[in-house]
Every structure is written in structure tokens, then in C-alpha cells.
$ cat query_37.cif   # mmCIF, C-alpha atoms
data_final
#
loop_
_atom_site.group_PDB
_atom_site.id
_atom_site.type_symbol
_atom_site.label_atom_id
_atom_site.label_comp_id
_atom_site.auth_asym_id
_atom_site.auth_seq_id
_atom_site.Cartn_x
_atom_site.Cartn_y
_atom_site.Cartn_z
ATOM 1 C CA MET A 134 8.893 -2.923 12.572
ATOM 2 C CA THR A 135 10.630 -2.931 9.218
ATOM 3 C CA GLU A 136 11.476 0.321 7.539
ATOM 4 C CA ARG A 137 8.868 1.507 5.097
ATOM 5 C CA ARG A 138 10.157 2.520 1.674
ATOM 6 C CA LEU A 139 8.398 5.302 -0.250
ATOM 7 C CA LEU A 140 8.816 6.326 -3.869
ATOM 8 C CA ILE A 141 7.552 9.797 -4.780
ATOM 9 C CA ILE A 142 6.976 10.467 -8.481
ATOM 10 C CA GLU A 143 6.352 14.207 -8.703
ATOM 11 C CA ASP A 144 7.588 16.812 -11.188
ATOM 12 C CA ASP A 145 7.143 19.747 -8.788
ATOM 13 C CA GLU A 146 10.606 19.690 -7.220
ATOM 14 C CA VAL A 147 9.750 21.849 -4.200
ATOM 15 C CA PHE A 148 6.612 19.865 -3.333
ATOM 16 C CA ALA A 149 8.470 16.553 -3.792
ATOM 17 C CA ARG A 150 11.296 17.689 -1.492
ATOM 18 C CA THR A 151 8.848 18.896 1.178
ATOM 19 C CA LEU A 152 6.868 15.670 0.997
ATOM 20 C CA ALA A 153 10.054 13.585 1.151
ATOM 21 C CA ARG A 154 11.269 15.381 4.287
ATOM 22 C CA SER A 155 7.916 14.949 5.972
ATOM 23 C CA PHE A 156 7.851 11.207 5.300
ATOM 24 C CA GLU A 157 11.484 10.790 6.342
ATOM 25 C CA ARG A 158 10.507 12.259 9.735
ATOM 26 C CA ARG A 159 7.779 9.582 9.883
ATOM 27 C CA GLY A 160 10.354 6.814 9.486
ATOM 28 C CA TYR A 161 10.148 6.180 5.748
ATOM 29 C CA GLN A 162 13.134 5.651 3.504
ATOM 30 C CA VAL A 163 12.281 8.008 0.623
ATOM 31 C CA ARG A 164 13.371 8.522 -2.975
ATOM 32 C CA ALA A 165 11.798 11.149 -5.232
ATOM 33 C CA ILE A 166 11.952 11.202 -9.012
ATOM 34 C CA ALA A 167 10.442 13.577 -11.556
ATOM 35 C CA ASP A 168 10.931 11.558 -14.738
ATOM 36 C CA PRO A 169 9.000 8.314 -15.372
ATOM 37 C CA ASP A 170 12.039 7.044 -17.323
ATOM 38 C CA GLU A 171 13.880 6.734 -13.983
ATOM 39 C CA LEU A 172 11.177 4.476 -12.538
ATOM 40 C CA ASP A 173 12.620 1.026 -13.233
ATOM 41 C CA ALA A 174 16.114 1.810 -11.934
ATOM 42 C CA THR A 175 14.737 3.533 -8.825
ATOM 43 C CA VAL A 176 12.345 0.674 -8.037
ATOM 44 C CA ALA A 177 15.155 -1.852 -8.430
ATOM 45 C CA ALA A 178 17.361 0.102 -6.019
ATOM 46 C CA LEU A 179 14.706 1.086 -3.440
ATOM 47 C CA ARG A 180 12.154 -1.760 -3.661
ATOM 48 C CA PRO A 181 9.364 0.544 -2.382
ATOM 49 C CA ASP A 182 6.287 -0.719 -0.572
ATOM 50 C CA HIS A 183 4.540 2.680 -0.830
ATOM 51 C CA ALA A 184 4.327 5.196 -3.688
ATOM 52 C CA VAL A 185 2.897 8.648 -4.272
ATOM 53 C CA VAL A 186 2.348 9.350 -7.955
ATOM 54 C CA ASP A 187 1.420 12.718 -9.430
ATOM 55 C CA LEU A 188 -1.184 12.252 -12.151
ATOM 56 C CA ARG A 189 0.426 14.717 -14.521
ATOM 57 C CA LEU A 190 4.180 14.517 -14.966
ATOM 58 C CA GLY A 191 5.011 17.209 -17.501
ATOM 59 C CA ASN A 192 3.647 15.798 -20.734
ATOM 60 C CA ALA A 193 3.417 12.263 -19.356
ATOM 61 C CA SER A 194 0.606 10.594 -17.455
ATOM 62 C CA GLY A 195 1.227 9.240 -13.984
ATOM 63 C CA LEU A 196 -1.276 6.482 -14.759
ATOM 64 C CA SER A 197 1.401 4.616 -16.725
ATOM 65 C CA CYS A 198 3.618 4.751 -13.610
ATOM 66 C CA VAL A 199 0.768 3.352 -11.518
ATOM 67 C CA ALA A 200 0.365 0.433 -13.926
ATOM 68 C CA ARG A 201 4.111 -0.291 -13.953
ATOM 69 C CA LEU A 202 4.389 -0.115 -10.155
ATOM 70 C CA HIS A 203 1.385 -2.389 -9.672
ATOM 71 C CA ALA A 204 2.798 -4.877 -12.190
ATOM 72 C CA LEU A 205 6.091 -4.961 -10.276
ATOM 73 C CA ASP A 206 4.452 -5.374 -6.856
ATOM 74 C CA ALA A 207 0.700 -5.920 -6.532
ATOM 75 C CA THR A 208 0.863 -5.327 -2.753
ATOM 76 C CA MET A 209 2.407 -1.853 -3.059
ATOM 77 C CA ARG A 210 0.222 0.909 -1.639
ATOM 78 C CA ILE A 211 -0.028 3.546 -4.361
ATOM 79 C CA VAL A 212 -1.642 6.936 -3.825
ATOM 80 C CA VAL A 213 -2.341 9.066 -6.886
ATOM 81 C CA LEU A 214 -2.144 12.775 -6.185
ATOM 82 C CA THR A 215 -3.547 15.344 -8.605
ATOM 83 C CA GLY A 216 -4.351 18.996 -8.933
ATOM 84 C CA PHE A 217 -7.110 18.304 -11.454
ATOM 85 C CA ALA A 218 -9.154 15.409 -10.169
ATOM 86 C CA SER A 219 -11.850 13.849 -12.292
ATOM 87 C CA ILE A 220 -14.036 10.801 -12.026
ATOM 88 C CA ALA A 221 -12.466 9.317 -15.153
ATOM 89 C CA THR A 222 -8.898 9.471 -13.856
ATOM 90 C CA ALA A 223 -9.908 8.255 -10.396
ATOM 91 C CA VAL A 224 -11.565 5.188 -11.886
ATOM 92 C CA GLU A 225 -8.630 4.502 -14.201
ATOM 93 C CA ALA A 226 -6.104 4.916 -11.376
ATOM 94 C CA VAL A 227 -7.921 2.371 -9.214
ATOM 95 C CA LYS A 228 -8.316 -0.038 -12.146
ATOM 96 C CA LEU A 229 -4.565 0.204 -12.772
ATOM 97 C CA GLY A 230 -3.680 -0.585 -9.155
ATOM 98 C CA ALA A 231 -3.816 2.612 -7.097
ATOM 99 C CA THR A 232 -5.065 2.066 -3.558
ATOM 100 C CA ASN A 233 -6.203 5.658 -3.183
ATOM 101 C CA TYR A 234 -6.676 8.897 -5.131
ATOM 102 C CA LEU A 235 -6.327 12.334 -3.538
ATOM 103 C CA SER A 236 -6.861 15.842 -4.845
ATOM 104 C CA LYS A 237 -4.299 18.534 -4.164
ATOM 105 C CA PRO A 238 -3.824 20.252 -1.871
ATOM 106 C CA ALA A 239 -3.064 17.173 0.189
ATOM 107 C CA ASN A 240 -0.477 16.986 2.929
ATOM 108 C CA SER A 241 1.540 14.134 4.396
ATOM 109 C CA ASP A 242 -1.203 13.457 6.996
ATOM 110 C CA ASP A 243 -3.750 12.932 4.196
ATOM 111 C CA ILE A 244 -1.370 10.674 2.290
ATOM 112 C CA GLU A 245 -0.463 8.686 5.421
ATOM 113 C CA ALA A 246 -4.186 8.175 6.117
ATOM 114 C CA ALA A 247 -4.642 6.988 2.536
ATOM 115 C CA PHE A 248 -1.790 4.497 3.010
ATOM 116 C CA GLN A 249 -3.342 3.277 6.273
ATOM 117 C CA ALA A 250 -6.728 2.804 4.600
ATOM 118 C CA GLY A 251 -4.979 0.393 2.246
ATOM 119 C CA GLY A 252 -7.588 0.660 -0.478
ATOM 120 C CA GLN A 253 -10.450 -0.198 1.837
ATOM 121 C CA GLY A 254 -13.630 1.722 1.143
ATOM 122 C CA ASP A 255 -15.802 3.516 3.662
ATOM 123 C CA ALA A 256 -19.413 2.348 3.443
ATOM 124 C CA SER A 257 -20.512 5.145 5.774
ATOM 125 C CA VAL A 258 -19.732 7.908 3.250
ATOM 126 C CA GLU A 259 -22.778 10.068 2.642
ATOM 127 C CA LEU A 260 -24.432 9.574 -0.726
ATOM 128 C CA VAL A 261 -25.499 13.192 -1.083
ATOM 129 C CA ALA A 262 -24.476 14.414 -4.503
ATOM 130 C CA PRO A 263 -23.961 18.140 -4.893
ATOM 131 C CA PRO A 264 -25.430 19.606 -8.069
ATOM 132 C CA THR A 265 -22.929 19.394 -10.895
ATOM 133 C CA SER A 266 -22.241 22.562 -12.826
ATOM 134 C CA LEU A 267 -22.130 22.667 -16.599
ATOM 135 C CA ARG A 268 -18.441 23.587 -16.422
ATOM 136 C CA THR A 269 -17.710 20.513 -14.316
ATOM 137 C CA LEU A 270 -19.646 18.249 -16.677
ATOM 138 C CA GLU A 271 -17.745 19.693 -19.646
ATOM 139 C CA TRP A 272 -14.421 19.206 -17.853
ATOM 140 C CA GLU A 273 -15.249 15.604 -16.941
ATOM 141 C CA HIS A 274 -16.278 14.858 -20.538
ATOM 142 C CA ILE A 275 -13.068 16.421 -21.866
ATOM 143 C CA HIS A 276 -10.953 14.572 -19.331
ATOM 144 C CA GLN A 277 -12.679 11.235 -20.012
ATOM 145 C CA THR A 278 -11.964 11.719 -23.709
ATOM 146 C CA LEU A 279 -8.342 12.608 -22.916
ATOM 147 C CA ALA A 280 -8.002 9.465 -20.793
ATOM 148 C CA ASP A 281 -9.554 7.365 -23.570
ATOM 149 C CA CYS A 282 -6.941 8.786 -25.982
ATOM 150 C CA GLY A 283 -4.011 8.167 -23.680
ATOM 151 C CA PHE A 284 -3.776 11.937 -23.010
ATOM 152 C CA ASN A 285 -3.105 12.655 -26.695
ATOM 153 C CA VAL A 286 -4.474 16.201 -27.071
ATOM 154 C CA SER A 287 -4.728 16.091 -30.881
ATOM 155 C CA GLU A 288 -6.722 12.844 -30.874
ATOM 156 C CA ALA A 289 -8.956 14.064 -28.029
ATOM 157 C CA ALA A 290 -9.682 17.292 -29.929
ATOM 158 C CA ARG A 291 -10.639 15.280 -33.007
ATOM 159 C CA ARG A 292 -12.998 13.070 -30.979
ATOM 160 C CA LEU A 293 -14.520 16.113 -29.272
ATOM 161 C CA GLY A 294 -15.037 17.848 -32.612
ATOM 162 C CA MET A 295 -12.954 20.896 -31.763
ATOM 163 C CA HIS A 296 -9.692 22.394 -32.928
ATOM 164 C CA ARG A 297 -6.592 21.236 -31.065
ATOM 165 C CA ARG A 298 -5.740 24.818 -30.045
ATOM 166 C CA THR A 299 -9.228 25.309 -28.626
ATOM 167 C CA LEU A 300 -8.818 22.202 -26.489
ATOM 168 C CA ALA A 301 -5.332 23.297 -25.444
ATOM 169 C CA ARG A 302 -6.750 26.676 -24.341
ATOM 170 C CA LYS A 303 -9.501 24.969 -22.326
ATOM 171 C CA LEU A 304 -6.925 22.724 -20.675
ATOM 172 C CA GLY A 305 -4.678 25.716 -19.954
ATOM 173 C CA LYS A 306 -7.522 27.576 -18.266
ATOM 174 C CA ARG A 307 -8.018 24.600 -15.960
ATOM 175 C CA HIS A 308 -4.436 25.117 -14.692
ATOM 176 C CA LEU A 309 -3.149 21.695 -15.519
#

$ encode --input "query_37.cif" --output "C-alpha cells"
Amino acid sequence: MTERRLLIIEDDEVFARTLARSFERRGYQVRAIADPDELDATVAALRPDHAVVDLRLGNASGLSCVARLHALDATMRIVVLTGFASIATAVEAVKLGATNYLSKPANSDDIEAAFQAGGQGDASVELVAPPTSLRTLEWEHIHQTLADCGFNVSEAARRLGMHRRTLARKLGKRHL
């Protein structure tokens, strides 16, 4: 069995270090970076076949990292990990090449299972939809608009018809 190589793109240093140690114990060669600007050099050195990408990297979007990784290697198994999951970002992540999308808190077992699934769906998933709250609908609409604007808060606020500071407050309350 060849050694599996994992790239972790996560701006939470403690979480990235914990995740890296866990995957090293599972036999992965691991590199963790926090800055998307380090991506090309790290990929060239490591040549990863697996990646875990945080959706929000400071002020940057992890979706751009997903697109770059997929462009470099279409067979790479990419799991997007986020603390603020939405339908819009899940769809965009998969369109850009992610094989799976997980909400935090997720541990190394969850991520390993997502890698093993390899982007294959589960047709046996129940189709029961829980009632959606007004807050959730508002959040999904805001996040879809943010995704459409490339996560530009000023442009999203303009499209939503609200002041930029109002949108920033709403986003801050959601603990992004």
C-alpha cells in the first residue's frame, strides 16, 4: 500500500495540528497550511491525494482552494469542512470538485469515512425534510447571495438591499 498524502488547509492552528496528528497515526503523510497563498508550493512539494479544506480561511473562501486542487488533480479526494454549512456552499463545493462536505464538529473518523466514500452518494438516505425555520431560510438566502458575490460582503449587502454593517452584524451573530 502506498503512503497516502493529505493536505490540510485550515486557519485554526490548534484544530489543524490535532487533525494532522490524528491522520499521521492513520498512516498519512500530512502537511497543514493556513494561507491559500501557500497552496501551490505545498502541492508541488507534497503531491497530495487527499485534502481537507476549511470553507472559511480568514477573509478568503476555501472554495477557491477546492477549485485549484481539483484543477491540479481531478482524482484528489477533497473534503470541505465548515462551521457554517449551507446548501449553497455545499452545492458549490461539489461543483468545484469536492468529494464530500462536512459540518463541524467533525473528527478524523468522519473525515476518513468521507474519504472512503469517495464522492459516492447514498441512495438509502431518508428523504424526510425537517421544517425549516425562518432564521435558517434567511441565513441560506444571505449565504447564497454571498456565494454569488464571491463572498464580497459589500456587494452582497447591496444585492440584499441592506447596509453593509447590518449584513456584517448578521454574519457576526452566526459565528463565522

$ closest_residue --input "query_37.cif" --among "A:Val186, A:Val176, A:Leu235, A:Cys198" --to "Ser219 in chain A" --atoms "all atoms listed in the file"
A:Leu235

$ residues_around --input "query_37.cif" --residues "range 155-168 of chain A" --least-positions-apart "3" --cutoff "7 Å" --atoms "only C-alpha atoms" --output "mmCIF file with C-alpha atoms, in the coordinates of the input"
data_model
loop_
_atom_site.group_PDB
_atom_site.id
_atom_site.type_symbol
_atom_site.label_atom_id
_atom_site.label_comp_id
_atom_site.auth_asym_id
_atom_site.auth_seq_id
_atom_site.Cartn_x
_atom_site.Cartn_y
_atom_site.Cartn_z
ATOM 1 C CA GLU A 136 11.476 0.321 7.539
ATOM 2 C CA ARG A 137 8.868 1.507 5.097
ATOM 3 C CA ARG A 138 10.157 2.520 1.674
ATOM 4 C CA LEU A 139 8.398 5.302 -0.250
ATOM 5 C CA LEU A 140 8.816 6.326 -3.869
ATOM 6 C CA ILE A 141 7.552 9.797 -4.780
ATOM 7 C CA ILE A 142 6.976 10.467 -8.481
ATOM 8 C CA GLU A 143 6.352 14.207 -8.703
ATOM 9 C CA ASP A 144 7.588 16.812 -11.188
ATOM 10 C CA ALA A 149 8.470 16.553 -3.792
ATOM 11 C CA THR A 151 8.848 18.896 1.178
ATOM 12 C CA LEU A 152 6.868 15.670 0.997
ATOM 13 C CA GLU A 171 13.880 6.734 -13.983
ATOM 14 C CA SER A 241 1.540 14.134 4.396
#

$ resolve_selection --input "query_37.cif" --expression "the PyMOL selection byres ((chain A and resi 270-272) around 12)" --output "PyMOL selection string"
chain A and resi 217-222+264-269+273-279+293+300+303-307+309

$ atom_distance --input "query_37.cif" --atom1 "CA of Ala193 in chain A" --atom2 "CA of Phe284 in chain A"
8.1 Å

$ closest_residue --input "query_37.cif" --among "A:Arg210, A:Arg201, A:His183, A:Arg292" --to "Asp170 in chain A" --atoms "only C-alpha atoms"
A:Arg201

$ resolve_selection --input "query_37.cif" --expression "the PyMOL selection byres ((chain A and resi 205) around 12)" --output "ChimeraX atom specification"
/A:172-173,176-177,180-182,198-204,206-210,230

$ write_last_selection --input "query_37.cif" --atoms "C-alpha atoms" --output "compact mmCIF listing (two decimals), in the frame of the given file"
# COMPACT_ATOMS: atom_id res chain seq x y z
CA LEU A 172 11.18 4.48 -12.54
CA ASP A 173 12.62 1.03 -13.23
CA VAL A 176 12.34 0.67 -8.04
CA ALA A 177 15.16 -1.85 -8.43
CA ARG A 180 12.15 -1.76 -3.66
CA PRO A 181 9.36 0.54 -2.38
CA ASP A 182 6.29 -0.72 -0.57
CA CYS A 198 3.62 4.75 -13.61
CA VAL A 199 0.77 3.35 -11.52
CA ALA A 200 0.36 0.43 -13.93
CA ARG A 201 4.11 -0.29 -13.95
CA LEU A 202 4.39 -0.12 -10.15
CA HIS A 203 1.38 -2.39 -9.67
CA ALA A 204 2.80 -4.88 -12.19
CA ASP A 206 4.45 -5.37 -6.86
CA ALA A 207 0.70 -5.92 -6.53
CA THR A 208 0.86 -5.33 -2.75
CA MET A 209 2.41 -1.85 -3.06
CA ARG A 210 0.22 0.91 -1.64
CA GLY A 230 -3.68 -0.58 -9.15

$ axis_aligned_box --input "query_37.cif" --around "range 169-175 of chain A" --padding-each-side "6 Å" --output "JSON"
{"center_x": 12.6, "center_y": 4.7, "center_z": -13.1, "size_x": 19.1, "size_y": 19.3, "size_z": 20.5}
